[in-house]
Amino acid sequence: MAGSSKTNRKKGNVPIEHECQLNLLPRDIWVRIAAKVASNSIHDLFNMQVSCKVFLDAASSEAVYQHATMRVILLVSFLFYLDRSKRRFLDHCIEAENADAILRLGLTEYFWIACRGIAMELLARASTEGSVEAGYLFAMLLLCDHEDEEEVQRGVEMLEFIRTSGKVERCREFFADIFWERWVDERPSDPRHAVACWSTNCFTRSTMADVNDVSRVSCVHRLADYNVRVFLEMFRFY
Amino acid sequence: MTQLDRLSVYHWLNAWCIKPVGGALVRQEPEYILLALMGSPLKKIMLCSSEKEIFSVEEQVMVQHSVIINNMIEDGSYNHEESKIPLDCVDSKTLKKVIDYCTHHTHHHNDNQEDLEAWDAQFLNVDSNGLYDLLMAANYLEIRNLLDLIYGTIKNMIKGKKIDEIRRIFNIKDHGFTPEEEEQNRKEYPHFY
């Protein structure tokens with residue numbers, strides 16, 4: 001793929017036929033291309049890495065790990081000790097603040113390792129890095145696990161933000177796929193009692209149990225309660 | 001009227017592309033409307049390729065797309081009366097293609113997405129040398145949308161390809177790995193599926 005344009009090709013004692021043509025482009029261009037490749041398929045990323053040293057250097061940069069897709073990576077990869085190369089890849093992704101990788105690590109910490117504190121920190125971090133799914137899960141767990149009014153209110157506000165941006169359904173589908181027919185060692189607490197809303201403007205004061213048409217409900221606390229019910233339905237035990 | 005004002009008016013007119021003619025609204029090319037409003041021809045700039053060939057281009061076309069040229073016009077380092085912008089790392093053939101891309105996307109940015117994508121696909125139907133040259137020119141001139149387009153094309157060239165195929169596509173004759181390193185690479189391939 002030799003360019004015909006005049007470029008700043010190296011001169012000196014290096015025989016031209018042994019120069020890598022890819023070096024004619026700045027490294028940051030290959031980094032951006034590798035990041036695009038990684039966001040689509042890590043299989044393609046690995047093939048790119050082992051094609052040549054120029055690609056290996058570019059495809060091993062932080063920007064690439066930050067955008068690598070986690071779509072095909074099994075959750076078990078985050079749970080059990082893997083061989084060094086696999087562990088190294090996931091560690092690089094987490095260090096590079098790959099939101100998807102951090103979300104999955106948070107999932108395993110909460111639902112299988114039962115470290116709720118660490119899990120919530122990871123989910124908050126993934127949410128800050130832009131993962132809507134992490135924000136949704138974080139909000140749900142705040143609403144499920146906390147009696148503290150401040151934390152519950154924080155969960156309500158986070159969920160309301162996601163709800164008004166129209167992404168709740170997408171988040172539900174994401175987690176429904178993850179938890180479908182999958183045993184979890186630790187499940188979220190069920191706030192069995194209704195979180196009664198004392199607002200005089202709220203027309204459904206008690207619970208959402210008898211509400212058939214969610215679209216008619218405007219109270220954010222009632223909607224949060226409804227979303228918690230739907231969320232807890234995802235956990236199926238056989 | 002400042003340069004920014006002219007660009008704002010241009011975009012507004014481009015969005016509507018209409019002018020009253022004998023009581024009816026007629027679609028017109030925005031540059032002619034601007035011509036009528038401004039009472040002067042649209043400004044041109046001179047780009048000089050590595051082969052010293054001069055290309056005269058509408059200023060707003062390049063300003064809209066190239067960060068480098070936009071900065072040169074805004075900071076006053078380009079003199080319309082006397083200056084050419086030398087592009088020593090872009091040959092004539094590539095420069096003409098870059099100008100075609102910027103011109104098309106300026107004058108047709110209201111076209112439907114399918115038509116634009118079809119045009120882009122045809123535009124990038126070049127051999128690997130040509131693609132490489134376009135990438136370097138777009139990078140040099142900082143034409144972001146052209147860069148994104150080419151990145152996507154190269155990503156698709158790699159998609160689903162094995163190592164030997166990638167080396168063939170990119171003409172990688174010397175991959176730089178020792179035989180031991182190459183063997184180690186293959187052993188370390190993580191199997192996540």
# chains A, B, ... in the order shown; residues from 1 in each chain; ligands from 1
>>> residues_around(residues="region 179-187 of chain A", least_positions_apart="5", cutoff="12 Å", atoms="only C-alpha atoms", output="mmCIF file with C-alpha atoms, in the first residue's frame")
data_model
loop_
_atom_site.group_PDB
_atom_site.id
_atom_site.type_symbol
_atom_site.label_atom_id
_atom_site.label_comp_id
_atom_site.auth_asym_id
_atom_site.auth_seq_id
_atom_site.Cartn_x
_atom_site.Cartn_y
_atom_site.Cartn_z
ATOM 1 C CA LEU A 75 -18.934 -12.972 31.737
ATOM 2 C CA VAL A 76 -17.074 -15.968 33.100
ATOM 3 C CA LEU A 107 -21.690 -7.231 37.489
ATOM 4 C CA THR A 108 -19.515 -10.161 38.495
ATOM 5 C CA GLU A 109 -18.447 -8.446 41.717
ATOM 6 C CA TYR A 110 -22.081 -7.908 42.769
ATOM 7 C CA PHE A 111 -23.914 -10.987 41.552
ATOM 8 C CA TRP A 112 -21.279 -13.686 41.860
ATOM 9 C CA ILE A 113 -18.537 -12.528 44.181
ATOM 10 C CA ALA A 114 -20.983 -10.653 46.458
ATOM 11 C CA CYS A 115 -18.739 -7.628 46.991
ATOM 12 C CA ARG A 116 -21.457 -5.014 46.865
ATOM 13 C CA ALA A 119 -19.434 -3.494 42.626
ATOM 14 C CA MET A 140 -31.782 -0.114 40.394
ATOM 15 C CA LEU A 141 -29.413 -1.394 43.064
ATOM 16 C CA CYS A 144 -33.331 -2.070 45.956
ATOM 17 C CA ASP A 145 -30.616 -2.147 48.557
ATOM 18 C CA ARG A 172 -33.834 -3.912 30.452
ATOM 19 C CA GLU A 173 -33.161 -5.957 27.314
ATOM 20 C CA PHE A 174 -29.425 -5.859 27.960
ATOM 21 C CA PHE A 231 -36.055 -5.326 37.309
ATOM 22 C CA LEU A 232 -36.517 -7.920 40.057
ATOM 23 C CA GLU A 233 -38.574 -10.080 37.690
ATOM 24 C CA MET A 234 -35.400 -10.698 35.688
ATOM 25 C CA PHE A 235 -33.971 -12.994 38.343
ATOM 26 C CA ARG A 236 -35.216 -16.465 37.683
ATOM 27 C CA PHE A 237 -34.317 -19.382 39.853
ATOM 28 C CA TYR A 238 -34.792 -22.979 38.925
#
>>> select_by_dssp(residues="region 15-236 of chain A", states="helix (DSSP H, G or I)", output="ChimeraX atom specification")
/A:16-18,21-24,27-40,42-49,53-59,62-67,76-79,84-95,99-111,116-128,132-145,149-164,168-179,214-216,220-232
>>> closest_atom_pairs(of="chain B", to="chain A", cutoff="7 Å", atoms="only C-alpha atoms", output="Markdown table")
| residue | atom | partner | partner_atom | distance |
| --- | --- | --- | --- | --- |
| B:Cys89 | CA | A:Lys6 | CA | 5.0 |
| B:Val90 | CA | A:Ser5 | CA | 5.7 |
| B:Asp91 | CA | A:Ser5 | CA | 5.5 |
| B:Ser128 | CA | A:Met1 | CA | 5.4 |
| B:Asn129 | CA | A:Gly3 | CA | 5.1 |
| B:Tyr132 | CA | A:Gly3 | CA | 5.7 |
| B:Asp133 | CA | A:Gly3 | CA | 5.4 |
| B:Met136 | CA | A:Leu25 | CA | 6.8 |
| B:Tyr151 | CA | A:Ile33 | CA | 5.4 |
| B:Lys155 | CA | A:Val37 | CA | 5.4 |
| B:Ile158 | CA | A:Asp44 | CA | 6.7 |
| B:Lys159 | CA | A:Asp44 | CA | 5.9 |
| B:Gly160 | CA | A:Asp44 | CA | 6.3 |
| B:Lys162 | CA | A:Asn47 | CA | 6.4 |
| B:Ile163 | CA | A:Ser51 | CA | 5.4 |
| B:Ile166 | CA | A:Ser51 | CA | 6.7 |
| B:Arg167 | CA | A:Ser51 | CA | 6.2 |
| B:Phe170 | CA | A:Met1 | CA | 5.2 |
| B:Asn171 | CA | A:Met1 | CA | 5.4 |
| B:Ile172 | CA | A:Cys20 | CA | 6.9 |
| B:Asp174 | CA | A:His18 | CA | 6.4 |
| B:His175 | CA | A:Cys52 | CA | 4.1 |
| B:Gly176 | CA | A:Lys53 | CA | 5.6 |
| B:Phe177 | CA | A:Lys53 | CA | 6.6 |
| B:Asn185 | CA | A:Val50 | CA | 6.3 |
| B:Glu188 | CA | A:Ser85 | CA | 6.0 |
| B:Pro190 | CA | A:Lys86 | CA | 5.5 |
| B:Phe192 | CA | A:Ile73 | CA | 5.6 |
| B:Tyr193 | CA | A:Val72 | CA | 6.6 |
>>> write_last_selection(atoms="N, CA, C and O atoms", output="compact mmCIF listing (two decimals), in the first residue's frame")
# COMPACT_ATOMS: atom_id res chain seq x y z
N CYS B 89 3.00 17.74 0.35
CA CYS B 89 2.89 16.29 0.50
C CYS B 89 1.63 15.74 -0.17
O CYS B 89 1.24 14.60 0.08
N VAL B 90 1.04 16.54 -1.04
CA VAL B 90 -0.17 16.07 -1.74
C VAL B 90 0.04 16.23 -3.24
O VAL B 90 0.24 17.36 -3.72
N ASP B 91 -0.02 15.12 -3.96
CA ASP B 91 0.18 15.25 -5.42
C ASP B 91 -1.11 15.74 -6.09
O ASP B 91 -2.17 15.79 -5.45
N SER B 128 -5.35 0.63 -3.52
CA SER B 128 -4.85 0.84 -2.17
C SER B 128 -3.87 2.02 -2.11
O SER B 128 -3.83 2.76 -1.13
N ASN B 129 -3.10 2.22 -3.18
CA ASN B 129 -2.19 3.38 -3.21
C ASN B 129 -2.98 4.68 -3.13
O ASN B 129 -2.61 5.61 -2.42
N TYR B 132 -4.40 5.24 0.33
CA TYR B 132 -3.30 5.64 1.21
C TYR B 132 -3.00 7.12 1.04
O TYR B 132 -2.84 7.87 2.00
N ASP B 133 -2.91 7.56 -0.24
CA ASP B 133 -2.62 8.97 -0.53
C ASP B 133 -3.74 9.88 -0.02
O ASP B 133 -3.47 10.96 0.52
N MET B 136 -3.46 10.28 3.74
CA MET B 136 -2.39 11.20 4.16
C MET B 136 -2.80 12.65 3.89
O MET B 136 -2.53 13.53 4.71
N TYR B 151 -11.23 5.82 7.54
CA TYR B 151 -11.00 4.89 8.66
C TYR B 151 -12.01 3.74 8.59
O TYR B 151 -11.67 2.57 8.78
N LYS B 155 -11.23 -0.16 8.15
CA LYS B 155 -11.75 -1.12 9.14
C LYS B 155 -12.45 -2.27 8.42
O LYS B 155 -12.27 -3.44 8.78
N ILE B 158 -10.14 -4.84 6.94
CA ILE B 158 -9.55 -5.77 7.91
C ILE B 158 -10.59 -6.77 8.42
O ILE B 158 -10.25 -7.90 8.78
N LYS B 159 -11.84 -6.36 8.39
CA LYS B 159 -12.93 -7.15 8.98
C LYS B 159 -12.96 -8.58 8.43
O LYS B 159 -13.01 -8.79 7.22
N GLY B 160 -12.90 -9.53 9.32
CA GLY B 160 -13.03 -10.93 8.94
C GLY B 160 -11.84 -11.52 8.21
O GLY B 160 -11.91 -12.66 7.73
N LYS B 162 -7.94 -12.98 7.72
CA LYS B 162 -6.89 -13.67 8.47
C LYS B 162 -5.60 -12.86 8.34
O LYS B 162 -5.50 -11.93 7.53
N ILE B 163 -4.60 -13.30 9.13
CA ILE B 163 -3.35 -12.54 9.22
C ILE B 163 -2.68 -12.41 7.85
O ILE B 163 -2.26 -11.32 7.46
N ILE B 166 -4.45 -9.92 5.68
CA ILE B 166 -4.18 -8.53 6.08
C ILE B 166 -2.81 -8.10 5.56
O ILE B 166 -2.64 -6.99 5.05
N ARG B 167 -1.84 -9.00 5.67
CA ARG B 167 -0.50 -8.66 5.18
C ARG B 167 -0.50 -8.43 3.67
O ARG B 167 0.18 -7.53 3.16
N PHE B 170 -2.31 -4.94 2.84
CA PHE B 170 -1.50 -3.77 3.17
C PHE B 170 -0.07 -3.87 2.66
O PHE B 170 0.78 -3.06 3.01
N ASN B 171 0.16 -4.89 1.82
CA ASN B 171 1.49 -5.05 1.21
C ASN B 171 2.59 -5.08 2.27
O ASN B 171 3.63 -4.41 2.12
N ILE B 172 2.34 -5.83 3.32
CA ILE B 172 3.33 -5.91 4.41
C ILE B 172 4.31 -7.02 4.05
O ILE B 172 4.03 -8.21 4.21
N ASP B 174 7.57 -7.04 5.19
CA ASP B 174 8.39 -7.30 6.36
C ASP B 174 7.57 -6.97 7.61
O ASP B 174 7.44 -5.81 7.98
N HIS B 175 7.00 -8.01 8.24
CA HIS B 175 6.12 -7.76 9.39
C HIS B 175 6.93 -7.41 10.65
O HIS B 175 6.37 -6.90 11.61
N GLY B 176 8.21 -7.70 10.68
CA GLY B 176 9.05 -7.27 11.80
C GLY B 176 9.15 -8.27 12.93
O GLY B 176 9.93 -8.07 13.87
N PHE B 177 8.36 -9.34 12.91
CA PHE B 177 8.44 -10.34 13.99
C PHE B 177 9.49 -11.38 13.64
O PHE B 177 9.63 -11.79 12.49
N ASN B 185 3.02 -15.16 19.35
CA ASN B 185 1.79 -14.41 19.08
C ASN B 185 0.62 -15.35 18.85
O ASN B 185 -0.48 -15.15 19.37
N GLU B 188 -0.62 -17.02 22.02
CA GLU B 188 -1.27 -16.11 22.98
C GLU B 188 -2.63 -15.60 22.48
O GLU B 188 -3.26 -14.82 23.14
N PRO B 190 -6.06 -14.97 22.36
CA PRO B 190 -7.09 -15.27 23.37
C PRO B 190 -8.36 -15.82 22.74
O PRO B 190 -8.90 -15.22 21.84
N PHE B 192 -11.94 -16.17 23.27
CA PHE B 192 -13.03 -15.71 24.13
C PHE B 192 -14.38 -16.28 23.70
O PHE B 192 -15.38 -16.00 24.33
N TYR B 193 -14.40 -17.06 22.60
CA TYR B 193 -15.70 -17.47 22.09
C TYR B 193 -16.01 -18.90 22.52
O TYR B 193 -15.15 -19.69 22.69
>>> residues_around(residues="region 58-69 of chain B", least_positions_apart="2", cutoff="9 Å", atoms="only C-alpha atoms", output="list in words")
Leu7, Tyr10, Leu42, Lys43, Lys44, Ile45, Met46, Ser56, Asn71, Met72, Ile73, Glu74, Tyr78, Ile85, Ile99, Cys102, Thr103, His104, His105, Thr106, His107, Ala138, Tyr140, Leu141, Glu142, Ile143, Arg144, Asn145 and Leu146 of chain B
>>> write_last_selection(atoms="N, CA, C and O atoms", output="compact mmCIF listing (two decimals), in the first residue's frame")
# COMPACT_ATOMS: atom_id res chain seq x y z
N LEU B 7 -20.61 32.87 5.94
CA LEU B 7 -20.82 31.42 6.04
C LEU B 7 -22.21 31.12 6.60
O LEU B 7 -22.88 30.21 6.16
N TYR B 10 -24.66 31.74 3.93
CA TYR B 10 -24.52 30.68 2.93
C TYR B 10 -25.25 29.42 3.36
O TYR B 10 -25.98 28.82 2.58
N LEU B 42 -17.80 34.88 -5.36
CA LEU B 42 -17.36 34.14 -4.18
C LEU B 42 -15.84 34.07 -4.21
O LEU B 42 -15.22 33.89 -5.26
N LYS B 43 -15.27 34.15 -2.99
CA LYS B 43 -13.81 34.18 -2.93
C LYS B 43 -13.23 32.82 -3.28
O LYS B 43 -13.78 31.77 -2.93
N LYS B 44 -12.09 32.89 -3.92
CA LYS B 44 -11.38 31.67 -4.27
C LYS B 44 -10.04 31.68 -3.56
O LYS B 44 -9.48 32.74 -3.24
N ILE B 45 -9.53 30.49 -3.32
CA ILE B 45 -8.17 30.36 -2.79
C ILE B 45 -7.39 29.45 -3.74
O ILE B 45 -8.00 28.68 -4.51
N MET B 46 -6.07 29.57 -3.67
CA MET B 46 -5.19 28.81 -4.57
C MET B 46 -4.46 27.74 -3.78
O MET B 46 -3.76 28.05 -2.82
N SER B 56 -7.64 26.29 -8.20
CA SER B 56 -8.45 27.39 -7.66
C SER B 56 -9.74 26.80 -7.11
O SER B 56 -10.46 26.10 -7.81
N ASN B 71 -8.08 27.66 9.60
CA ASN B 71 -7.24 28.41 10.54
C ASN B 71 -6.39 29.44 9.80
O ASN B 71 -6.20 30.56 10.29
N MET B 72 -5.91 29.08 8.61
CA MET B 72 -5.07 30.02 7.85
C MET B 72 -5.88 31.23 7.41
O MET B 72 -5.39 32.35 7.43
N ILE B 73 -7.11 31.00 7.03
CA ILE B 73 -7.95 32.13 6.59
C ILE B 73 -8.31 32.98 7.79
O ILE B 73 -8.23 34.22 7.75
N GLU B 74 -8.65 32.35 8.89
CA GLU B 74 -9.11 33.11 10.08
C GLU B 74 -7.99 33.92 10.70
O GLU B 74 -8.23 35.02 11.19
N TYR B 78 -3.23 33.89 5.18
CA TYR B 78 -3.39 33.70 3.75
C TYR B 78 -3.83 35.01 3.11
O TYR B 78 -4.84 35.60 3.49
N ILE B 85 -1.44 28.33 -1.29
CA ILE B 85 -1.20 27.46 -0.15
C ILE B 85 -0.44 26.24 -0.65
O ILE B 85 -0.99 25.45 -1.43
N ILE B 99 -10.41 17.94 -3.34
CA ILE B 99 -11.26 19.10 -3.68
C ILE B 99 -12.64 18.63 -4.14
O ILE B 99 -13.67 19.20 -3.76
N CYS B 102 -14.66 17.69 -1.03
CA CYS B 102 -15.11 18.85 -0.25
C CYS B 102 -16.20 19.62 -1.01
O CYS B 102 -17.19 20.05 -0.41
N THR B 103 -16.02 19.75 -2.32
CA THR B 103 -17.00 20.48 -3.12
C THR B 103 -18.34 19.76 -3.12
O THR B 103 -19.39 20.37 -2.93
N HIS B 104 -18.28 18.45 -3.33
CA HIS B 104 -19.53 17.69 -3.37
C HIS B 104 -20.28 17.78 -2.03
O HIS B 104 -21.49 18.01 -1.99
N HIS B 105 -19.53 17.62 -0.94
CA HIS B 105 -20.19 17.63 0.37
C HIS B 105 -20.65 19.02 0.79
O HIS B 105 -21.53 19.14 1.64
N THR B 106 -20.08 20.05 0.19
CA THR B 106 -20.56 21.40 0.47
C THR B 106 -21.87 21.64 -0.29
O THR B 106 -22.84 22.16 0.25
N HIS B 107 -21.87 21.27 -1.57
CA HIS B 107 -23.03 21.60 -2.40
C HIS B 107 -24.16 20.60 -2.30
O HIS B 107 -25.27 20.87 -2.71
N ALA B 138 -5.90 13.85 3.72
CA ALA B 138 -6.98 14.22 4.65
C ALA B 138 -6.40 14.48 6.04
O ALA B 138 -6.87 15.37 6.77
N TYR B 140 -3.30 15.49 6.68
CA TYR B 140 -2.52 16.74 6.61
C TYR B 140 -3.43 17.96 6.67
O TYR B 140 -3.17 18.93 7.36
N LEU B 141 -4.52 17.90 5.91
CA LEU B 141 -5.44 19.04 5.84
C LEU B 141 -6.47 19.03 6.97
O LEU B 141 -7.28 19.95 7.09
N GLU B 142 -6.45 17.97 7.78
CA GLU B 142 -7.41 17.80 8.89
C GLU B 142 -8.84 17.93 8.40
O GLU B 142 -9.63 18.75 8.89
N ILE B 143 -9.18 17.06 7.46
CA ILE B 143 -10.56 17.02 6.97
C ILE B 143 -11.21 15.85 7.71
O ILE B 143 -11.11 14.68 7.32
N ARG B 144 -11.91 16.15 8.81
CA ARG B 144 -12.36 15.14 9.77
C ARG B 144 -13.33 14.14 9.16
O ARG B 144 -13.22 12.93 9.39
N ASN B 145 -14.32 14.65 8.39
CA ASN B 145 -15.30 13.70 7.87
C ASN B 145 -14.70 12.78 6.81
O ASN B 145 -15.08 11.59 6.72
N LEU B 146 -13.74 13.27 6.05
CA LEU B 146 -13.07 12.40 5.07
C LEU B 146 -12.20 11.37 5.80
O LEU B 146 -12.16 10.20 5.41
>>> closest_residue(among="A:His67, A:Arg104, A:Arg163, A:Arg88", to="Leu122 (chain A)", atoms="only C-alpha atoms")
A:Arg104
>>> atom_distance(atom1="CA of Gly106 (chain A)", atom2="CA of Ala224 (chain A)")
22.0 Å
>>> atom_distance(atom1="CA of Phe138 (chain A)", atom2="CA of Glu157 (chain A)")
11.4 Å
>>> atom_distance(atom1="CA of Arg125 (chain A)", atom2="CA of Leu105 (chain A)")
11.0 Å
>>> residues_around(residues="Ser127 (chain A)", least_positions_apart="3", cutoff="12 Å", atoms="only C-alpha atoms", output="list in words")
Glu97, Asn98, Ala99, Asp100, Ala101, Ile102, Leu103, Arg104, Gly106, Met120, Glu121, Leu122, Leu123, Ala124, Gly130, Ser131, Val132, Glu133, Ala134, Gly135, Tyr136, Leu137, Phe138, Ala139, Met158 and Ile162 of chain A
